[in-house]
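run-v3.cif (mmCIF, N, CA and C atoms)
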data_target
#
loop_
_atom_site.label_atom_id
_atom_site.label_comp_id
_atom_site.auth_asym_id
_atom_site.auth_seq_id
_atom_site.Cartn_x
_atom_site.Cartn_y
_atom_site.Cartn_z
N MET A 5 -8.71 46.78 -12.18
CA MET A 5 -9.11 47.36 -10.92
C MET A 5 -10.57 47.79 -11.06
N SER A 6 -11.42 47.31 -10.18
CA SER A 6 -12.85 47.60 -10.23
C SER A 6 -13.16 48.92 -9.54
N GLN A 7 -14.26 49.54 -9.98
CA GLN A 7 -14.72 50.77 -9.35
C GLN A 7 -15.98 50.46 -8.56
N ILE A 8 -16.08 51.05 -7.36
CA ILE A 8 -17.28 50.87 -6.54
C ILE A 8 -17.71 52.22 -6.01
N ASP A 9 -19.02 52.38 -5.89
CA ASP A 9 -19.56 53.61 -5.34
C ASP A 9 -19.43 53.59 -3.83
N VAL A 10 -19.23 54.75 -3.23
CA VAL A 10 -19.02 54.83 -1.79
C VAL A 10 -20.23 54.27 -1.03
N ARG A 11 -21.41 54.46 -1.54
CA ARG A 11 -22.61 53.91 -0.86
C ARG A 11 -22.60 52.38 -0.89
N GLU A 12 -22.21 51.83 -2.03
CA GLU A 12 -22.10 50.37 -2.15
C GLU A 12 -21.06 49.84 -1.17
N LEU A 13 -19.94 50.55 -1.06
CA LEU A 13 -18.88 50.15 -0.13
C LEU A 13 -19.37 50.18 1.31
N LYS A 14 -20.08 51.23 1.67
CA LYS A 14 -20.60 51.33 3.04
C LYS A 14 -21.55 50.18 3.36
N GLY A 15 -22.38 49.84 2.41
CA GLY A 15 -23.39 48.79 2.65
C GLY A 15 -22.81 47.39 2.69
N ARG A 16 -21.70 47.15 1.99
CA ARG A 16 -21.15 45.80 1.91
C ARG A 16 -19.66 45.78 2.22
N LEU A 17 -19.26 46.55 3.22
CA LEU A 17 -17.84 46.71 3.56
C LEU A 17 -17.16 45.37 3.84
N GLY A 18 -17.78 44.53 4.64
CA GLY A 18 -17.18 43.23 4.99
C GLY A 18 -16.89 42.39 3.76
N ASN A 19 -17.80 42.37 2.82
CA ASN A 19 -17.63 41.62 1.58
C ASN A 19 -16.44 42.15 0.79
N TYR A 20 -16.35 43.46 0.66
CA TYR A 20 -15.26 44.06 -0.10
C TYR A 20 -13.91 43.85 0.60
N LEU A 21 -13.88 43.90 1.92
CA LEU A 21 -12.62 43.67 2.64
C LEU A 21 -12.12 42.25 2.43
N LYS A 22 -13.04 41.28 2.38
CA LYS A 22 -12.63 39.90 2.11
C LYS A 22 -12.04 39.78 0.71
N ARG A 23 -12.64 40.48 -0.24
CA ARG A 23 -12.13 40.44 -1.61
C ARG A 23 -10.75 41.10 -1.70
N VAL A 24 -10.56 42.18 -0.94
CA VAL A 24 -9.25 42.85 -0.92
C VAL A 24 -8.20 41.92 -0.32
N GLN A 25 -8.57 41.22 0.74
CA GLN A 25 -7.64 40.26 1.34
C GLN A 25 -7.25 39.17 0.34
N GLY A 26 -8.16 38.89 -0.59
CA GLY A 26 -7.89 37.91 -1.63
C GLY A 26 -7.03 38.45 -2.76
N GLY A 27 -6.70 39.75 -2.71
CA GLY A 27 -5.80 40.32 -3.70
C GLY A 27 -6.42 41.34 -4.64
N GLU A 28 -7.74 41.53 -4.58
CA GLU A 28 -8.39 42.50 -5.47
C GLU A 28 -8.12 43.93 -5.03
N GLU A 29 -8.19 44.85 -5.97
CA GLU A 29 -8.04 46.27 -5.69
C GLU A 29 -9.27 47.01 -6.20
N PHE A 30 -9.65 48.07 -5.50
CA PHE A 30 -10.85 48.83 -5.87
C PHE A 30 -10.58 50.32 -5.85
N ILE A 31 -11.24 51.03 -6.77
CA ILE A 31 -11.27 52.49 -6.76
C ILE A 31 -12.63 52.88 -6.20
N VAL A 32 -12.64 53.72 -5.17
CA VAL A 32 -13.89 54.17 -4.56
C VAL A 32 -14.32 55.46 -5.26
N MET A 33 -15.56 55.48 -5.75
CA MET A 33 -16.09 56.61 -6.49
C MET A 33 -17.15 57.34 -5.67
N GLU A 34 -17.15 58.65 -5.74
CA GLU A 34 -18.19 59.45 -5.09
C GLU A 34 -18.62 60.53 -6.09
N ARG A 35 -19.88 60.46 -6.47
CA ARG A 35 -20.45 61.40 -7.46
C ARG A 35 -19.64 61.42 -8.76
N GLY A 36 -19.21 60.24 -9.19
CA GLY A 36 -18.51 60.13 -10.46
C GLY A 36 -17.02 60.44 -10.42
N ARG A 37 -16.51 60.78 -9.24
CA ARG A 37 -15.07 61.08 -9.11
C ARG A 37 -14.41 60.04 -8.24
N SER A 38 -13.18 59.69 -8.57
CA SER A 38 -12.44 58.73 -7.74
C SER A 38 -11.93 59.48 -6.50
N VAL A 39 -12.16 58.88 -5.34
CA VAL A 39 -11.76 59.52 -4.08
C VAL A 39 -10.78 58.69 -3.27
N ALA A 40 -10.71 57.39 -3.56
CA ALA A 40 -9.81 56.53 -2.78
C ALA A 40 -9.54 55.26 -3.56
N ARG A 41 -8.48 54.60 -3.13
CA ARG A 41 -8.14 53.29 -3.69
C ARG A 41 -7.94 52.34 -2.52
N ILE A 42 -8.55 51.19 -2.61
CA ILE A 42 -8.40 50.17 -1.56
C ILE A 42 -7.56 49.05 -2.13
N VAL A 43 -6.42 48.79 -1.49
CA VAL A 43 -5.49 47.76 -1.95
C VAL A 43 -5.09 46.88 -0.77
N PRO A 44 -4.68 45.65 -1.02
CA PRO A 44 -4.22 44.79 0.08
C PRO A 44 -2.93 45.33 0.68
N VAL A 45 -2.77 45.13 1.96
CA VAL A 45 -1.55 45.54 2.66
C VAL A 45 -0.48 44.49 2.39
N LYS A 46 0.70 44.97 2.01
CA LYS A 46 1.81 44.06 1.77
C LYS A 46 2.63 43.97 3.05
N THR A 47 2.69 42.79 3.62
CA THR A 47 3.45 42.61 4.85
C THR A 47 4.76 41.90 4.55
N LEU A 48 5.78 42.29 5.24
CA LEU A 48 7.07 41.64 5.11
C LEU A 48 7.18 40.54 6.15
N SER A 49 7.45 39.36 5.71
CA SER A 49 7.63 38.30 6.69
C SER A 49 9.03 38.42 7.28
N LEU A 50 9.15 38.03 8.50
CA LEU A 50 10.44 38.10 9.19
C LEU A 50 11.49 37.28 8.46
N LYS A 51 11.08 36.15 7.93
CA LYS A 51 12.04 35.28 7.25
C LYS A 51 12.60 35.97 6.01
N ARG A 52 11.76 36.69 5.24
CA ARG A 52 12.24 37.39 4.05
C ARG A 52 13.21 38.50 4.41
N VAL A 53 12.98 39.16 5.54
CA VAL A 53 13.85 40.24 5.97
C VAL A 53 15.20 39.68 6.43
N LEU A 54 15.17 38.53 7.11
CA LEU A 54 16.39 37.95 7.65
C LEU A 54 17.18 37.12 6.64
N GLU A 55 16.53 36.70 5.54
CA GLU A 55 17.18 35.81 4.59
C GLU A 55 18.56 36.27 4.12
N PRO A 56 18.74 37.53 3.69
CA PRO A 56 20.08 37.95 3.25
C PRO A 56 21.13 37.83 4.37
N MET A 57 20.75 38.18 5.59
CA MET A 57 21.70 38.08 6.70
C MET A 57 22.01 36.63 7.03
N LEU A 58 21.02 35.75 6.90
CA LEU A 58 21.25 34.32 7.15
C LEU A 58 22.23 33.76 6.12
N ARG A 59 22.06 34.13 4.84
CA ARG A 59 22.95 33.65 3.79
C ARG A 59 24.39 34.10 4.01
N GLU A 60 24.56 35.35 4.47
CA GLU A 60 25.89 35.88 4.70
C GLU A 60 26.53 35.32 5.97
N GLY A 61 25.74 34.69 6.82
CA GLY A 61 26.26 34.17 8.06
C GLY A 61 26.34 35.21 9.16
N ALA A 62 25.71 36.37 8.95
CA ALA A 62 25.75 37.44 9.95
C ALA A 62 24.88 37.10 11.15
N VAL A 63 23.83 36.30 10.93
CA VAL A 63 22.94 35.90 12.03
C VAL A 63 22.66 34.41 11.90
N ARG A 64 22.22 33.83 13.00
CA ARG A 64 21.75 32.44 13.01
C ARG A 64 20.36 32.44 13.59
N TRP A 65 19.48 31.64 12.98
CA TRP A 65 18.11 31.59 13.48
C TRP A 65 17.54 30.22 13.18
N SER A 66 17.03 29.57 14.20
CA SER A 66 16.45 28.24 14.02
C SER A 66 14.97 28.32 13.68
N GLY A 67 14.43 29.53 13.61
CA GLY A 67 13.02 29.69 13.31
C GLY A 67 12.15 29.76 14.55
N GLY A 68 12.72 29.53 15.70
CA GLY A 68 11.96 29.55 16.93
C GLY A 68 11.97 30.93 17.58
N LYS A 69 11.37 30.99 18.73
CA LYS A 69 11.31 32.22 19.50
C LYS A 69 12.69 32.55 20.07
N PRO A 70 13.13 33.81 19.98
CA PRO A 70 14.45 34.15 20.51
C PRO A 70 14.51 33.97 22.03
N ARG A 71 15.68 33.56 22.49
CA ARG A 71 15.89 33.41 23.94
C ARG A 71 16.94 34.41 24.36
N GLY A 72 16.97 34.68 25.63
CA GLY A 72 17.97 35.59 26.17
C GLY A 72 19.35 34.96 26.16
N ALA A 73 20.35 35.77 26.39
CA ALA A 73 21.72 35.28 26.42
C ALA A 73 21.92 34.35 27.61
N SER A 74 22.76 33.35 27.43
CA SER A 74 23.00 32.42 28.53
C SER A 74 23.93 33.03 29.58
N ARG A 75 24.79 33.99 29.14
CA ARG A 75 25.68 34.66 30.07
C ARG A 75 25.44 36.15 30.02
N ARG A 76 25.63 36.80 31.15
CA ARG A 76 25.48 38.25 31.19
C ARG A 76 26.64 38.91 30.47
N PRO A 77 26.42 40.04 29.83
CA PRO A 77 27.53 40.71 29.16
C PRO A 77 28.54 41.23 30.17
N VAL A 78 29.80 41.19 29.79
CA VAL A 78 30.88 41.69 30.65
C VAL A 78 31.24 43.09 30.18
N ILE A 79 31.16 44.05 31.10
CA ILE A 79 31.49 45.43 30.75
C ILE A 79 32.92 45.69 31.19
N ARG A 80 33.74 46.06 30.22
CA ARG A 80 35.14 46.36 30.54
C ARG A 80 35.30 47.87 30.55
N GLY A 81 36.10 48.35 31.48
CA GLY A 81 36.30 49.79 31.57
C GLY A 81 35.16 50.44 32.33
N GLN A 82 35.05 51.75 32.15
CA GLN A 82 34.02 52.50 32.87
C GLN A 82 32.65 52.28 32.26
N THR A 83 31.65 52.41 33.10
CA THR A 83 30.30 52.37 32.59
C THR A 83 29.98 53.68 31.90
N LEU A 84 28.95 53.70 31.12
CA LEU A 84 28.55 54.92 30.42
C LEU A 84 28.21 56.02 31.42
N ALA A 85 27.53 55.65 32.49
CA ALA A 85 27.17 56.65 33.50
C ALA A 85 28.40 57.30 34.12
N ASP A 86 29.43 56.48 34.43
CA ASP A 86 30.67 57.03 34.99
C ASP A 86 31.37 57.96 34.00
N THR A 87 31.36 57.59 32.73
CA THR A 87 31.99 58.42 31.70
C THR A 87 31.28 59.76 31.59
N VAL A 88 29.97 59.76 31.61
CA VAL A 88 29.20 61.00 31.52
C VAL A 88 29.47 61.87 32.73
N ARG A 89 29.53 61.27 33.92
CA ARG A 89 29.82 62.05 35.14
C ARG A 89 31.19 62.72 35.06
N GLN A 90 32.18 61.99 34.54
CA GLN A 90 33.52 62.55 34.41
C GLN A 90 33.53 63.71 33.41
N GLU A 91 32.82 63.57 32.32
CA GLU A 91 32.80 64.62 31.29
C GLU A 91 32.12 65.89 31.79
N ARG A 92 31.21 65.75 32.74
CA ARG A 92 30.47 66.91 33.26
C ARG A 92 31.30 67.70 34.27
N ARG A 93 32.38 67.13 34.77
CA ARG A 93 33.18 67.81 35.77
C ARG A 93 34.03 68.88 35.16
#

Could you write out this structure as structure tokens?
Amino acid sequence: MSQIDVRELKGRLGNYLKRVQGGEEFIVMERGRSVARIVPVKTLSLKRVLEPMLREGAVRWSGGKPRGASRRPVIRGQTLADTVRQERR
């Protein structure tokens, strides 16, 4: 992990951000003391999050954009609003 002075970082921020995107990490120094660490952001891809559920068969996904349901849901019994009204009486 490289160390950079805060003034150097201010002057060449764009350059350092590109290097961080490439995987490098930096310790920012101010007057000889470390004040911050700059590291790449780790993002979770949707596929990695869904993979365990896909293997178990809990979900199906073709990799495309989700579409709405082809049929409207059927509500059996009272609606939530009716139930709440009854409970308030």

Range 9-18 of chain A environment, 7 Å, all atoms listed in the file, sequence neighbours closer than 3 positions dropped, as a list in words =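 Residues meeting the cut-off are Leu21, Lys22, Arg23, Ile31, Val32, Met33, Glu34 and Arg35 of chain A.
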
inquiry  = As an exercise, work out the distance from CA of Val45 in chain A to atom C of Gly26 in chain A in Å and give it to one decimal place.
reply    = 10.5 Å

Would you give the centre and edge lengths, in Å to one decimal, of a box along x, y and z around the listed atoms of range 62-68 of chain A, with 3 Å added to each side, as lines of an AutoDock Vina configuration file?
center_x = 18.9
center_y = 32.8
center_z = 13.3
size_x = 19.8
size_y = 15.2
size_z = 14.6

remark   = Atom pair CA of Arg41 in chain A + CA of Glu28 in chain A, distance 10.9 Å

ask   = Can you list every residue in chain A that DSSP puts in strand (DSSP E), as a PyMOL selection string?
value = chain A and resi 6-9+30-34+37-42

note = A straight line from CA of Ala40 in chain A to CA of Gly27 in chain A spans 16.7 Å

Test item, helix (DSSP H, G or I) assignment across chain A, answer as a PyMOL selection string = chain A and resi 10-15+17-25+50-60+84-92

ask   = Applied to the shown file, which residues does the PyMOL selection byres (((chain A and resi 5 and name CA) around 10) and name CA) return, written as number ranges by chain?
value = A: 6-8, 28-31, 41-43

Residue selection dump (N, CA and C atoms) as a CSV table (one decimal), in the frame of the given file:
chain,number,residue,atom,x,y,z
A,6,SER,N,-11.4,47.3,-10.2
A,6,SER,CA,-12.8,47.6,-10.2
A,6,SER,C,-13.2,48.9,-9.5
A,7,GLN,N,-14.3,49.5,-10.0
A,7,GLN,CA,-14.7,50.8,-9.4
A,7,GLN,C,-16.0,50.5,-8.6
A,8,ILE,N,-16.1,51.0,-7.4
A,8,ILE,CA,-17.3,50.9,-6.5
A,8,ILE,C,-17.7,52.2,-6.0
A,28,GLU,N,-7.7,41.5,-4.6
A,28,GLU,CA,-8.4,42.5,-5.5
A,28,GLU,C,-8.1,43.9,-5.0
A,29,GLU,N,-8.2,44.8,-6.0
A,29,GLU,CA,-8.0,46.3,-5.7
A,29,GLU,C,-9.3,47.0,-6.2
A,30,PHE,N,-9.6,48.1,-5.5
A,30,PHE,CA,-10.8,48.8,-5.9
A,30,PHE,C,-10.6,50.3,-5.8
A,31,ILE,N,-11.2,51.0,-6.8
A,31,ILE,CA,-11.3,52.5,-6.8
A,31,ILE,C,-12.6,52.9,-6.2
A,41,ARG,N,-8.5,54.6,-3.1
A,41,ARG,CA,-8.1,53.3,-3.7
A,41,ARG,C,-7.9,52.3,-2.5
A,42,ILE,N,-8.6,51.2,-2.6
A,42,ILE,CA,-8.4,50.2,-1.6
A,42,ILE,C,-7.6,49.0,-2.1
A,43,VAL,N,-6.4,48.8,-1.5
A,43,VAL,CA,-5.5,47.8,-2.0
A,43,VAL,C,-5.1,46.9,-0.8
